[in-house]
file start30.pdb (PDB, C-alpha atoms)
ATOM      1  CA  MET A  25       0.000   0.000   0.000
ATOM      2  CA  THR A  26       1.526   3.360  -1.015
ATOM      3  CA  GLU A  27       1.620   6.383   1.267
ATOM      4  CA  SER A  28      -1.183   7.946  -0.794
ATOM      5  CA  ASP A  29      -3.274   4.791  -0.502
ATOM      6  CA  SER A  30      -2.622   4.738   3.230
ATOM      7  CA  GLU A  31      -3.778   8.337   3.647
ATOM      8  CA  GLN A  32      -6.928   7.624   1.666
ATOM      9  CA  GLU A  33      -7.706   4.590   3.814
ATOM     10  CA  VAL A  34      -7.367   6.692   6.963
ATOM     11  CA  LEU A  35      -9.822   9.211   5.497
ATOM     12  CA  ARG A  36     -12.258   6.417   4.649
ATOM     13  CA  GLN A  37     -12.114   5.135   8.215
ATOM     14  CA  TRP A  38     -12.691   8.637   9.594
ATOM     15  CA  SER A  39     -15.658   9.151   7.284
ATOM     16  CA  ARG A  40     -17.158   5.791   8.230
ATOM     17  CA  GLN A  41     -16.792   6.496  11.945
ATOM     18  CA  HIS A  42     -17.808  10.163  12.117
ATOM     19  CA  LEU A  43     -20.152  10.592   9.156
ATOM     20  CA  ASP A  44     -21.633   7.101   8.905
ATOM     21  CA  TYR A  45     -20.753   7.301   5.224
ATOM     22  CA  VAL A  46     -18.133   5.646   3.000
ATOM     23  CA  PHE A  47     -16.912   7.597  -0.023
ATOM     24  CA  SER A  48     -16.624   5.865  -3.382
ATOM     25  CA  ASP A  49     -14.370   8.717  -4.547
ATOM     26  CA  ILE A  50     -12.282   9.596  -1.501
ATOM     27  CA  THR A  51     -10.586  12.434  -3.382
ATOM     28  CA  LEU A  52     -13.808  14.433  -2.963
ATOM     29  CA  LEU A  53     -13.445  14.278   0.816
ATOM     30  CA  SER A  54      -9.786  15.197   0.501
ATOM     31  CA  GLN A  55     -10.747  18.274  -1.522
ATOM     32  CA  ALA A  56     -13.454  19.201   1.000
ATOM     33  CA  LEU A  57     -10.788  19.299   3.713
ATOM     34  CA  THR A  58      -8.418  21.482   1.669
ATOM     35  CA  HIS A  59      -8.536  25.228   2.373
ATOM     36  CA  ARG A  60      -7.768  27.740  -0.359
ATOM     37  CA  SER A  61      -4.651  28.845   1.537
ATOM     38  CA  VAL A  62      -3.018  25.595   0.378
ATOM     39  CA  ALA A  63      -4.086  25.889  -3.265
ATOM     40  CA  GLN A  64      -2.980  29.507  -3.534
ATOM     41  CA  ASP A  65       0.082  29.109  -1.315
ATOM     42  CA  ASP A  66      -1.151  31.833   1.045
ATOM     43  CA  VAL A  67      -1.115  34.439  -1.740
ATOM     44  CA  GLU A  68      -4.222  36.362  -2.782
ATOM     45  CA  PRO A  69      -5.030  34.994  -6.265
ATOM     46  CA  THR A  70      -5.193  37.124  -9.382
ATOM     47  CA  LEU A  71      -8.263  37.086 -11.602
ATOM     48  CA  GLU A  72      -6.413  34.823 -14.002
ATOM     49  CA  GLN A  73      -5.637  32.358 -11.203
ATOM     50  CA  GLU A  74      -9.234  32.410 -10.025
ATOM     51  CA  THR A  75     -10.385  31.149 -13.424
ATOM     52  CA  SER A  76      -7.613  28.571 -13.795
ATOM     53  CA  THR A  77      -7.742  24.855 -13.014
ATOM     54  CA  GLU A  78      -6.135  25.628  -9.629
ATOM     55  CA  LEU A  79      -9.614  26.549  -8.466
ATOM     56  CA  GLY A  80     -10.424  22.853  -8.230
ATOM     57  CA  LEU A  81      -7.691  22.166  -5.674
ATOM     58  CA  HIS A  82      -9.509  23.624  -2.676
ATOM     59  CA  ASN A  83     -12.954  23.381  -1.129
ATOM     60  CA  GLU A  84     -14.693  26.661  -1.993
ATOM     61  CA  ARG A  85     -16.771  25.231  -4.847
ATOM     62  CA  LEU A  86     -17.788  22.287  -2.675
ATOM     63  CA  GLU A  87     -18.685  24.762   0.069
ATOM     64  CA  PHE A  88     -20.940  26.614  -2.380
ATOM     65  CA  LEU A  89     -22.709  23.382  -3.290
ATOM     66  CA  GLY A  90     -22.854  22.121   0.284
ATOM     67  CA  ASP A  91     -24.479  25.326   1.498
ATOM     68  CA  ALA A  92     -27.499  24.704  -0.744
ATOM     69  CA  VAL A  93     -27.566  20.956  -0.117
ATOM     70  CA  LEU A  94     -27.418  21.350   3.657
ATOM     71  CA  ASP A  95     -30.155  23.972   3.679
ATOM     72  CA  LEU A  96     -32.513  21.612   1.847
ATOM     73  CA  ALA A  97     -31.492  18.556   3.878
ATOM     74  CA  VAL A  98     -32.081  20.261   7.227
ATOM     75  CA  SER A  99     -35.355  21.742   5.969
ATOM     76  CA  THR A 100     -36.505  18.257   5.008
ATOM     77  CA  LEU A 101     -35.522  16.816   8.392
ATOM     78  CA  LEU A 102     -37.384  19.547  10.254
ATOM     79  CA  TYR A 103     -40.433  19.258   8.008
ATOM     80  CA  HIS A 104     -40.847  15.551   8.705
ATOM     81  CA  ARG A 105     -39.717  15.617  12.340
ATOM     82  CA  PHE A 106     -42.101  18.389  13.411
ATOM     83  CA  PRO A 107     -45.314  18.069  11.353
ATOM     84  CA  ASP A 108     -47.262  20.357  13.705
ATOM     85  CA  SER A 109     -44.790  23.274  13.651
ATOM     86  CA  ALA A 110     -45.544  26.478  11.767
ATOM     87  CA  GLU A 111     -43.405  27.793   8.921
ATOM     88  CA  GLY A 112     -41.978  30.610  11.041
ATOM     89  CA  GLU A 113     -40.800  28.250  13.755
ATOM     90  CA  LEU A 114     -39.255  25.844  11.251
ATOM     91  CA  THR A 115     -37.445  28.745   9.596
ATOM     92  CA  TYR A 116     -36.045  29.911  12.929
ATOM     93  CA  TRP A 117     -34.856  26.416  13.821
ATOM     94  CA  ARG A 118     -33.222  25.970  10.428
ATOM     95  CA  SER A 119     -31.359  29.271  10.735
ATOM     96  CA  SER A 120     -30.067  28.286  14.178
ATOM     97  CA  LEU A 121     -28.903  24.892  12.895
ATOM     98  CA  VAL A 122     -27.071  25.835   9.702
ATOM     99  CA  ASN A 123     -25.380  29.153  10.500
ATOM    100  CA  THR A 124     -21.581  29.283  10.472
ATOM    101  CA  ARG A 125     -21.208  29.284  14.258
ATOM    102  CA  ALA A 126     -23.499  26.273  14.700
ATOM    103  CA  LEU A 127     -21.704  24.393  11.923
ATOM    104  CA  SER A 128     -18.335  25.202  13.482
ATOM    105  CA  LEU A 129     -19.478  23.417  16.652
ATOM    106  CA  ILE A 130     -20.164  20.340  14.543
ATOM    107  CA  GLY A 131     -16.723  20.780  13.001
ATOM    108  CA  ARG A 132     -15.152  20.742  16.450
ATOM    109  CA  GLU A 133     -17.112  17.631  17.404
ATOM    110  CA  LEU A 134     -15.737  15.969  14.265
ATOM    111  CA  GLU A 135     -12.237  17.209  15.191
ATOM    112  CA  LEU A 136     -11.984  18.690  11.714
ATOM    113  CA  GLY A 137      -9.204  21.036  12.749
ATOM    114  CA  SER A 138      -6.681  18.215  12.839
ATOM    115  CA  TRP A 139      -7.780  16.965   9.411
ATOM    116  CA  LEU A 140      -7.828  20.226   7.490
ATOM    117  CA  ARG A 141      -5.144  21.012   4.945
ATOM    118  CA  LEU A 142      -4.158  24.631   5.515
ATOM    119  CA  GLY A 143      -1.436  26.923   4.225
ATOM    120  CA  ARG A 144       1.425  27.746   6.567
ATOM    121  CA  GLY A 145       0.196  31.268   7.231
ATOM    122  CA  GLU A 146      -3.308  30.058   8.051
ATOM    123  CA  VAL A 147      -1.952  27.459  10.461
ATOM    124  CA  LYS A 148       0.096  30.127  12.261
ATOM    125  CA  SER A 149      -2.948  32.372  12.610
ATOM    126  CA  GLY A 150      -4.971  29.640  14.328
ATOM    127  CA  GLY A 151      -6.916  28.524  11.270
ATOM    128  CA  ARG A 152      -7.543  25.030  12.621
ATOM    129  CA  ASP A 153      -9.943  26.461  15.193
ATOM    130  CA  LYS A 154     -11.428  29.375  13.250
ATOM    131  CA  THR A 155     -15.204  29.420  13.304
ATOM    132  CA  SER A 156     -15.495  30.379   9.625
ATOM    133  CA  ILE A 157     -13.073  27.738   8.370
ATOM    134  CA  LEU A 158     -14.639  24.942  10.411
ATOM    135  CA  GLY A 159     -18.203  25.904   9.464
ATOM    136  CA  ASN A 160     -17.350  26.256   5.780
ATOM    137  CA  SER A 161     -15.558  22.910   5.810
ATOM    138  CA  VAL A 162     -18.669  21.166   7.137
ATOM    139  CA  GLU A 163     -20.600  22.618   4.193
ATOM    140  CA  ALA A 164     -17.855  21.472   1.810
ATOM    141  CA  ILE A 165     -18.088  17.939   3.185
ATOM    142  CA  LEU A 166     -21.836  17.875   2.506
ATOM    143  CA  GLY A 167     -21.148  19.081  -1.031
ATOM    144  CA  ALA A 168     -18.648  16.258  -1.468
ATOM    145  CA  VAL A 169     -21.125  13.705  -0.126
ATOM    146  CA  PHE A 170     -23.778  14.940  -2.557
ATOM    147  CA  LEU A 171     -21.461  14.531  -5.555
ATOM    148  CA  ASP A 172     -20.336  11.121  -4.347
ATOM    149  CA  GLY A 173     -23.565   9.560  -3.088
ATOM    150  CA  GLY A 174     -26.397  11.816  -4.176
ATOM    151  CA  TRP A 175     -29.334  12.763  -2.009
ATOM    152  CA  ARG A 176     -29.418   9.426  -0.156
ATOM    153  CA  GLY A 177     -25.859   9.995   1.033
ATOM    154  CA  VAL A 178     -26.672  13.534   2.148
ATOM    155  CA  GLU A 179     -29.658  12.302   4.150
ATOM    156  CA  THR A 180     -27.497   9.725   5.934
ATOM    157  CA  VAL A 181     -24.809  12.218   6.902
ATOM    158  CA  THR A 182     -27.211  15.006   7.852
ATOM    159  CA  GLN A 183     -29.168  12.728  10.153
ATOM    160  CA  ARG A 184     -25.931  11.636  11.798
ATOM    161  CA  LEU A 185     -24.614  15.160  12.310
ATOM    162  CA  PHE A 186     -27.861  16.752  13.492
ATOM    163  CA  ALA A 187     -29.461  13.911  15.467
ATOM    164  CA  ALA A 188     -28.601  15.304  18.912
ATOM    165  CA  ARG A 189     -29.666  18.806  17.940
ATOM    166  CA  LEU A 190     -33.003  17.643  16.584
ATOM    167  CA  GLU A 191     -33.567  15.703  19.788
ATOM    168  CA  ILE A 192     -33.086  18.908  21.783
ATOM    169  CA  TYR A 193     -35.653  20.652  19.579
ATOM    170  CA  SER A 194     -38.131  17.846  20.159
ATOM    171  CA  VAL A 195     -38.550  18.918  23.810
ATOM    172  CA  ARG A 196     -41.072  21.424  22.486
ATOM    173  CA  GLY A 197     -43.512  18.528  22.298
ATOM    174  CA  HIS A 198     -43.184  18.025  26.070
ATOM    175  CA  GLY A 199     -44.398  21.536  26.799
ATOM    176  CA  LYS A 200     -41.077  22.755  28.205
ATOM    177  CA  ASP A 201     -38.697  25.377  26.918
ATOM    178  CA  TYR A 202     -34.919  25.146  26.894
ATOM    179  CA  LYS A 203     -34.388  27.456  29.873
ATOM    180  CA  THR A 204     -36.699  25.297  31.970
ATOM    181  CA  LEU A 205     -34.988  22.092  30.859
ATOM    182  CA  LEU A 206     -31.562  23.517  31.624
ATOM    183  CA  GLN A 207     -32.680  24.699  35.054
ATOM    184  CA  GLU A 208     -34.178  21.275  35.868
ATOM    185  CA  ARG A 209     -31.035  19.511  34.717
ATOM    186  CA  LEU A 210     -28.778  21.665  36.857
ATOM    187  CA  GLN A 211     -31.056  21.386  39.892
ATOM    188  CA  GLY A 212     -31.117  17.609  39.501
ATOM    189  CA  ALA A 213     -27.317  17.575  39.526
ATOM    190  CA  GLY A 214     -27.163  19.853  42.573
ATOM    191  CA  GLN A 215     -25.548  22.689  40.627
ATOM    192  CA  VAL A 216     -26.179  26.419  40.733
ATOM    193  CA  LEU A 217     -28.733  27.873  38.358
ATOM    194  CA  PRO A 218     -27.567  29.476  35.098
ATOM    195  CA  SER A 219     -27.305  33.187  34.516
ATOM    196  CA  TYR A 220     -27.962  34.948  31.218
ATOM    197  CA  ILE A 221     -25.794  37.899  30.277
ATOM    198  CA  LEU A 222     -26.691  40.319  27.500
ATOM    199  CA  GLU A 223     -23.571  40.768  25.367
ATOM    200  CA  GLN A 224     -24.810  43.230  22.780
ATOM    201  CA  VAL A 225     -27.792  44.629  20.925
ATOM    202  CA  THR A 226     -27.404  45.469  17.252
ATOM    203  CA  GLY A 227     -29.603  46.623  14.393
ATOM    204  CA  ALA A 228     -32.145  49.358  13.829
ATOM    205  CA  PRO A 229     -34.852  49.912  16.491
ATOM    206  CA  HIS A 230     -37.456  47.999  14.482
ATOM    207  CA  GLU A 231     -35.154  45.000  13.819
ATOM    208  CA  ARG A 232     -33.045  44.528  16.935
ATOM    209  CA  GLN A 233     -30.735  41.533  17.266
ATOM    210  CA  PHE A 234     -29.899  40.438  20.821
ATOM    211  CA  SER A 235     -26.821  38.390  21.737
ATOM    212  CA  VAL A 236     -26.862  36.555  25.075
ATOM    213  CA  MET A 237     -24.470  34.147  26.771
ATOM    214  CA  CYS A 238     -25.436  31.449  29.276
ATOM    215  CA  ARG A 239     -23.060  31.086  32.231
ATOM    216  CA  VAL A 240     -22.944  28.207  34.721
ATOM    217  CA  ASN A 241     -20.406  28.246  37.566
ATOM    218  CA  GLU A 242     -18.466  31.094  35.924
ATOM    219  CA  ARG A 243     -18.167  29.090  32.704
ATOM    220  CA  ILE A 244     -19.818  30.065  29.440
ATOM    221  CA  PHE A 245     -21.761  27.046  28.171
ATOM    222  CA  GLY A 246     -23.770  28.606  25.380
ATOM    223  CA  ARG A 247     -24.424  31.699  23.323
ATOM    224  CA  GLY A 248     -27.585  32.655  21.516
ATOM    225  CA  GLU A 249     -28.987  35.302  19.213
ATOM    226  CA  GLY A 250     -32.556  36.361  18.524
ATOM    227  CA  TRP A 251     -34.852  39.239  17.659
ATOM    228  CA  THR A 252     -35.924  39.388  21.330
ATOM    229  CA  LYS A 253     -33.886  38.940  24.481
ATOM    230  CA  ARG A 254     -36.048  36.003  25.516
ATOM    231  CA  ARG A 255     -35.488  34.248  22.195
ATOM    232  CA  ALA A 256     -31.727  34.782  22.525
ATOM    233  CA  GLU A 257     -31.789  33.347  26.053
ATOM    234  CA  GLN A 258     -33.675  30.283  24.812
ATOM    235  CA  GLU A 259     -31.085  29.747  22.096
ATOM    236  CA  ALA A 260     -28.247  30.128  24.614
ATOM    237  CA  ALA A 261     -29.913  27.580  26.915
ATOM    238  CA  ARG A 262     -30.357  25.174  23.997
ATOM    239  CA  GLU A 263     -26.686  25.461  23.103
ATOM    240  CA  ALA A 264     -25.745  24.922  26.757
ATOM    241  CA  LEU A 265     -27.778  21.701  26.833
ATOM    242  CA  LEU A 266     -25.981  20.477  23.719
ATOM    243  CA  ALA A 267     -22.589  21.384  25.211
ATOM    244  CA  MET A 268     -23.386  19.435  28.381
ATOM    245  CA  ASP A 269     -24.556  16.420  26.387
ATOM    246  CA  HIS A 270     -21.343  16.543  24.375
ATOM    247  CA  ALA A 271     -19.250  16.814  27.558
ATOM    248  CA  SER A 272     -21.080  13.834  29.074
ATOM    249  CA  THR A 273     -20.374  11.770  25.966
ATOM    250  CA  ASP A 274     -16.661  12.633  26.156
ATOM    251  CA  GLU A 275     -16.512  11.472  29.764
ATOM    252  CA  GLU A 276     -17.993   8.033  29.012
TER
END
call {"tool": "encode", "arguments": {"input": "start30.pdb", "output": "structure tokens"}}
result
Amino acid sequence: MTESDSEQEVLRQWSRQHLDYVFSDITLLSQALTHRSVAQDDVEPTLEQETSTELGLHNERLEFLGDAVLDLAVSTLLYHRFPDSAEGELTYWRSSLVNTRALSLIGRELELGSWLRLGRGEVKSGGRDKTSILGNSVEAILGAVFLDGGWRGVETVTQRLFAARLEIYSVRGHGKDYKTLLQERLQGAGQVLPSYILEQVTGAPHERQFSVMCRVNERIFGRGEGWTKRRAEQEAAREALLAMDHASTDEE
């Protein structure tokens, strides 16, 4: 087995374990994990370079495709999972699931940082843990899955990546909100109750955007945004619940 074959086999094993998907064309996954800083050697490309074949060496085109694929896949999951939810609620949930920050959390769970191919300058600037790079790479992976396995492959991977998050959303059917669930969980564990801190308010008066962080025992467990402070607090509590579930899994 050559070194290249060995590297491809390692990628296949990672994909099987973390995505529940096996690539037929593993080079697509390799491209999805390659940042443009490698293809352009950390130099801003000229217009001529942008239109050259070098464009196919990094993941930006896959990111473009994955953005659309992921939006539809998550919409489909929400549509079938919550048949009694209104359009506005489904839209809000989708936006909280597929934004760059939310996708970067998935990227960290997948430990994408250690798998990304980055240029030297990007590595030095902390690119392996950058929210934008991790979130965009998740989209690129979905684009690669779509090209490799079509819609069936995308459904498999999306369900795997978003299962825990959809389960958190399903608490709505039990008549409880995320702040209540978080409070009950902490009380049951004998811990102090969470506090919600308003970080900033942006936007015009008629379209305010509130940013709130959820703190437990002086540690920030979640952040949330919304068009009301209450909505932002709910989102922060939801993210805190996910963080605690992820921490519990790591400890097992």
call {"tool": "residues_around", "arguments": {"input": "start30.pdb", "residues": "Gly137 (chain A)", "least_positions_apart": "4", "cutoff": "9 Å", "atoms": "all atoms listed in the file", "output": "PDB file with C-alpha atoms, in the frame of the given file"}}
result
ATOM      1  CA  GLY A 131     -16.723  20.780  13.001  1.00  0.00           C
ATOM      2  CA  ARG A 132     -15.152  20.742  16.450  1.00  0.00           C
ATOM      3  CA  ARG A 141      -5.144  21.012   4.945  1.00  0.00           C
ATOM      4  CA  GLY A 151      -6.916  28.524  11.270  1.00  0.00           C
ATOM      5  CA  ARG A 152      -7.543  25.030  12.621  1.00  0.00           C
ATOM      6  CA  ASP A 153      -9.943  26.461  15.193  1.00  0.00           C
ATOM      7  CA  LYS A 154     -11.428  29.375  13.250  1.00  0.00           C
ATOM      8  CA  ILE A 157     -13.073  27.738   8.370  1.00  0.00           C
ATOM      9  CA  LEU A 158     -14.639  24.942  10.411  1.00  0.00           C
TER      10      LEU A 158
END
call {"tool": "resolve_selection", "arguments": {"input": "start30.pdb", "expression": "the PyMOL selection byres ((chain A and resi 252) around 8)", "output": "PyMOL selection string"}}
result
chain A and resi 232-234+250-251+253-256
call {"tool": "closest_residue", "arguments": {"input": "start30.pdb", "among": "A:Glu191, A:Glu208, A:Asp49, A:Glu257", "to": "Glu223 (chain A)", "atoms": "all atoms listed in the file"}}
result
A:Glu257
call {"tool": "residues_around", "arguments": {"input": "start30.pdb", "residues": "Gln32 (chain A)", "least_positions_apart": "6", "cutoff": "12 Å", "atoms": "only C-alpha atoms", "output": "JSON, numbers by chain"}}
result
{"A": [25, 26, 38, 39, 46, 47, 48, 49, 50, 51, 52, 53, 54, 55]}
call {"tool": "residues_near_point", "arguments": {"input": "start30.pdb", "point": "(-30.0, 18.1, -6.5)", "cutoff": "10 Å", "atoms": "only C-alpha atoms", "output": "number ranges by chain"}}
result
A: 89, 92-93, 96, 170-171, 174-175
call {"tool": "residues_around", "arguments": {"input": "start30.pdb", "residues": "Ala97 (chain A)", "least_positions_apart": "6", "cutoff": "9 Å", "atoms": "only C-alpha atoms", "output": "PyMOL selection string"}}
result
chain A and resi 175+178-179+182-183
